[in-house]
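**Student:** Here it is, the structure in full.
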Amino acid sequence: MKCTETNALYIVWKQMMPNSEFENVAYATFSTDLVSQMYSTDFHLEKDGSLTVLQMSDRHETLFCCVFGEGEYEDVTSYALNLYELPVPPFPIIDGCQSHLGCRIVAETGGNLTCSVKGVRPKVDLKWVVIGDSEVSTTFFKSHHLEAKKIGNKFDVIVTSQYQLKQSGLQTVTVECRCNGSEIEALMLVTTLELYFPDVKRSRTKVKGQNVDKEFRQATSSSSKGSDNQNETMVSGNNHKNLKYPDS
């Protein structure tokens with residue numbers, strides 16, 4: 001943390017403690033030679049007066065300020081330190097989906113979707129969002145339930161969202177579970193899920209003067225046995241198929 005760009009005669013680094021009072025952590029004068037004094041082994045004072053945290057921990061997640069002066073006046077530089085830790089694994093985990101690269105599941109037109117992150121700091125806001133279709137995105141999700149459990153200085157966060165497909169003739173909806181509203185959002189991956197609704201019937205259309213039935217039939221046990229690359233899983237009480245993607 002840099003104290004000042006000016007040629008200060010002295011500096012005093014202070015740290016806000018849990019009781020909201022400030023305590024000195026380092027002091028230095030620059031009148032002739034550098035004379036410094038450390039009040040804590042957690043820090044190192046550089047030659048230019050910058051303060052380095054030797055090993056960041058949650059007790060350093062607070063406000064630091066540096067008071068410096070050139071003889072006639074004093075000024076203050078402040079820093080608010082925040083500790084960020086990615087979850088393990090570093091992406092939201094979707095129930096029934098084993099990879100953050102994406103899954104496709106057979107779903108009913110109404111149900112619940114759940115995703116979670118484990119061991120993240122600070123506490124984040126998980127959110128389900130619809131990708132690509134603005135009309136669907138405003139009506140697809142009906143409610144969201146967010147739960148955060150603190151374990152030590154980290155958090156396990158789970159979001160369960162209820163969805164309902166209201167658009168007729170729409171057989172696929174792509175959604176993402178992502179971290180929302182935190183600086184850690186830029187460091188985390190998102191997890192994508194494609195929902196396939198086999199029970200939805202498409203409307204009949206006319207192509208080159210002929211009626212073409214675009215109705216998708218329900219998946220049967222015989223058709224599922226014919227697919228070599230399908231694994232059946234249970235997600236939110238519904239029978240889903242986690243379809244593997246071909247290797248890139």
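As shown in the structure tokens, the chain order sets the letters A, B, ...; within each chain, residues go from 1, and ligands are also counted from 1 in the order they appear.
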DSSP says alpha helix (DSSP H) for which residues of segment 75-160 of chain A? Put them as a list in words?

**Tutor:**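 Secondary structure check on segment 75-160 of chain A, alpha helix (DSSP H): Ser134, Glu135, Val136 and Ser137 of chain A.
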
**Student:** Can you tell me how far atom CA of Tyr73 of chain A sits from atom CA of Asp42 of chain A, in Å to one decimal?

**Tutor:** 29.3 Å

**Student:** Of the residues A:Tyr84, A:Trp13, A:Phe68, A:Tyr79, which is the one nearest to Leu51 of chain A, using only C-alpha atoms?

**Tutor:**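 Ranked by minimum distance to Leu51 of chain A, first place goes to A:Trp13.
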
**Student:** Going by DSSP on the backbone, which bits of segment 14-159 of chain A are strand (DSSP E)? Write them as a VMD selection string, please.

**Tutor:** chain A and resid 14 to 16 22 to 29 35 to 38 43 to 45 51 to 53 63 to 69 74 to 80 93 to 94 103 to 106 110 to 120 125 to 130 141 to 151 154 to 159

**Student:** Record the distance separating atom CA of Ser137 of chain A and atom CA of Lys149 of chain A, expressed in Å with one decimal.

**Tutor:** 28.5 Å

**Student:** In terms of the shortest atom-to-atom distance over only C-alpha atoms, which of A:Gln98, A:Asn180, A:Gln167, A:Ser161 is closest to Asp125 of chain A?

**Tutor:**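 Closest candidate: A:Asn180.
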
**Student:** Using only C-alpha atoms, determine which residues lie at most 6 Å from Cys65 of chain A, disregarding the query and same-chain residues fewer than 2 positions distant; provide the list as a list in words.

**Tutor:**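 Using only C-alpha atoms, the neighbours found are Trp13, Lys14, Thr77 and Ser78 of chain A.
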
**Student:** Write the residues of the preceding selection, restricted to N, CA, C and O atoms, as a PDB file, in the first residue's frame.

**Tutor:**
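Result file follows (result_4.pdb):
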ATOM      1  N   TRP A  13       1.647   4.533   9.818  1.00  0.00           N
ATOM      2  CA  TRP A  13       0.605   3.614   9.335  1.00  0.00           C
ATOM      3  C   TRP A  13      -0.249   3.150  10.518  1.00  0.00           C
ATOM      4  O   TRP A  13       0.281   2.773  11.572  1.00  0.00           O
ATOM      5  N   LYS A  14      -1.572   3.164  10.310  1.00  0.00           N
ATOM      6  CA  LYS A  14      -2.510   2.766  11.355  1.00  0.00           C
ATOM      7  C   LYS A  14      -3.496   1.731  10.803  1.00  0.00           C
ATOM      8  O   LYS A  14      -3.847   1.767   9.615  1.00  0.00           O
ATOM      9  N   THR A  77      -3.808   9.009   3.646  1.00  0.00           N
ATOM     10  CA  THR A  77      -4.184   8.081   2.572  1.00  0.00           C
ATOM     11  C   THR A  77      -4.805   6.843   3.206  1.00  0.00           C
ATOM     12  O   THR A  77      -4.251   6.300   4.173  1.00  0.00           O
ATOM     13  N   SER A  78      -5.961   6.414   2.686  1.00  0.00           N
ATOM     14  CA  SER A  78      -6.690   5.294   3.297  1.00  0.00           C
ATOM     15  C   SER A  78      -6.881   4.152   2.310  1.00  0.00           C
ATOM     16  O   SER A  78      -7.024   4.369   1.097  1.00  0.00           O
TER      17      SER A  78
END

**Student:** Between A:Gln171, A:Gln164, A:Thr4, A:Thr109, which one has atoms that come closest to Gly69 of chain A, using only C-alpha atoms?

**Tutor:**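 Closest to Gly69 of chain A, using only C-alpha atoms: A:Thr4.
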
**Student:** Which residue out of A:Ser134, A:Met1, A:Glu74, A:Lys118 has the minimum interatomic distance to Asp156 of chain A when only C-alpha atoms are used?

**Tutor:**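 Going through A:Ser134, A:Met1, A:Glu74, A:Lys118 one by one, the smallest distance to Asp156 of chain A is for A:Lys118.
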
**Student:** Can you tell me, as a compact mmCIF listing (two decimals) with all heavy atoms, in the first residue's frame, what residues are no more than 8 Å from Asn112 of chain A when counting only C-alpha atoms, ignoring any on the same chain fewer than 4 positions away?

**Tutor:**
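New file selection-v6.txt:
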# COMPACT_ATOMS: atom_id res chain seq x y z
N THR A 160 -31.82 -22.03 -4.98
CA THR A 160 -32.82 -22.89 -5.62
C THR A 160 -33.89 -22.00 -6.22
O THR A 160 -34.47 -21.17 -5.53
CB THR A 160 -33.45 -23.87 -4.61
OG1 THR A 160 -32.42 -24.71 -4.07
CG2 THR A 160 -34.50 -24.74 -5.29
N SER A 161 -34.13 -22.18 -7.51
CA SER A 161 -35.08 -21.32 -8.23
C SER A 161 -36.17 -22.18 -8.86
O SER A 161 -35.88 -23.23 -9.46
CB SER A 161 -34.37 -20.49 -9.31
OG SER A 161 -33.40 -19.65 -8.73
N GLN A 162 -37.38 -21.70 -8.74
CA GLN A 162 -38.53 -22.38 -9.35
C GLN A 162 -38.78 -21.79 -10.73
O GLN A 162 -38.78 -20.57 -10.89
CB GLN A 162 -39.77 -22.23 -8.48
CG GLN A 162 -40.99 -22.98 -9.00
CD GLN A 162 -42.22 -22.78 -8.13
OE1 GLN A 162 -42.25 -21.86 -7.30
NE2 GLN A 162 -43.22 -23.61 -8.30
N TYR A 163 -38.96 -22.67 -11.73
CA TYR A 163 -39.18 -22.19 -13.09
C TYR A 163 -40.49 -22.74 -13.64
O TYR A 163 -41.02 -23.75 -13.17
CB TYR A 163 -38.02 -22.60 -14.00
CG TYR A 163 -37.97 -24.08 -14.33
CD1 TYR A 163 -38.67 -24.61 -15.42
CD2 TYR A 163 -37.23 -24.95 -13.55
CE1 TYR A 163 -38.63 -25.97 -15.70
CE2 TYR A 163 -37.18 -26.30 -13.82
CZ TYR A 163 -37.89 -26.81 -14.90
OH TYR A 163 -37.86 -28.15 -15.18
N SER A 236 -33.72 -32.73 -8.97
CA SER A 236 -34.91 -32.13 -8.35
C SER A 236 -36.12 -33.05 -8.45
O SER A 236 -37.23 -32.60 -8.69
CB SER A 236 -35.21 -30.76 -8.99
OG SER A 236 -34.12 -29.91 -8.85

**Student:** Smallest atom-to-atom distance to Tyr27 of chain A: which of A:Val67, A:Leu170, A:Val53, A:Val136, using only C-alpha atoms?

**Tutor:**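 Selected residue with least distance to Tyr27 of chain A: A:Val67.
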
**Student:** What gap, in Å, lies between atom CA of Gly132 of chain A and atom CA of Pro87 of chain A?

**Tutor:** 27.2 Å
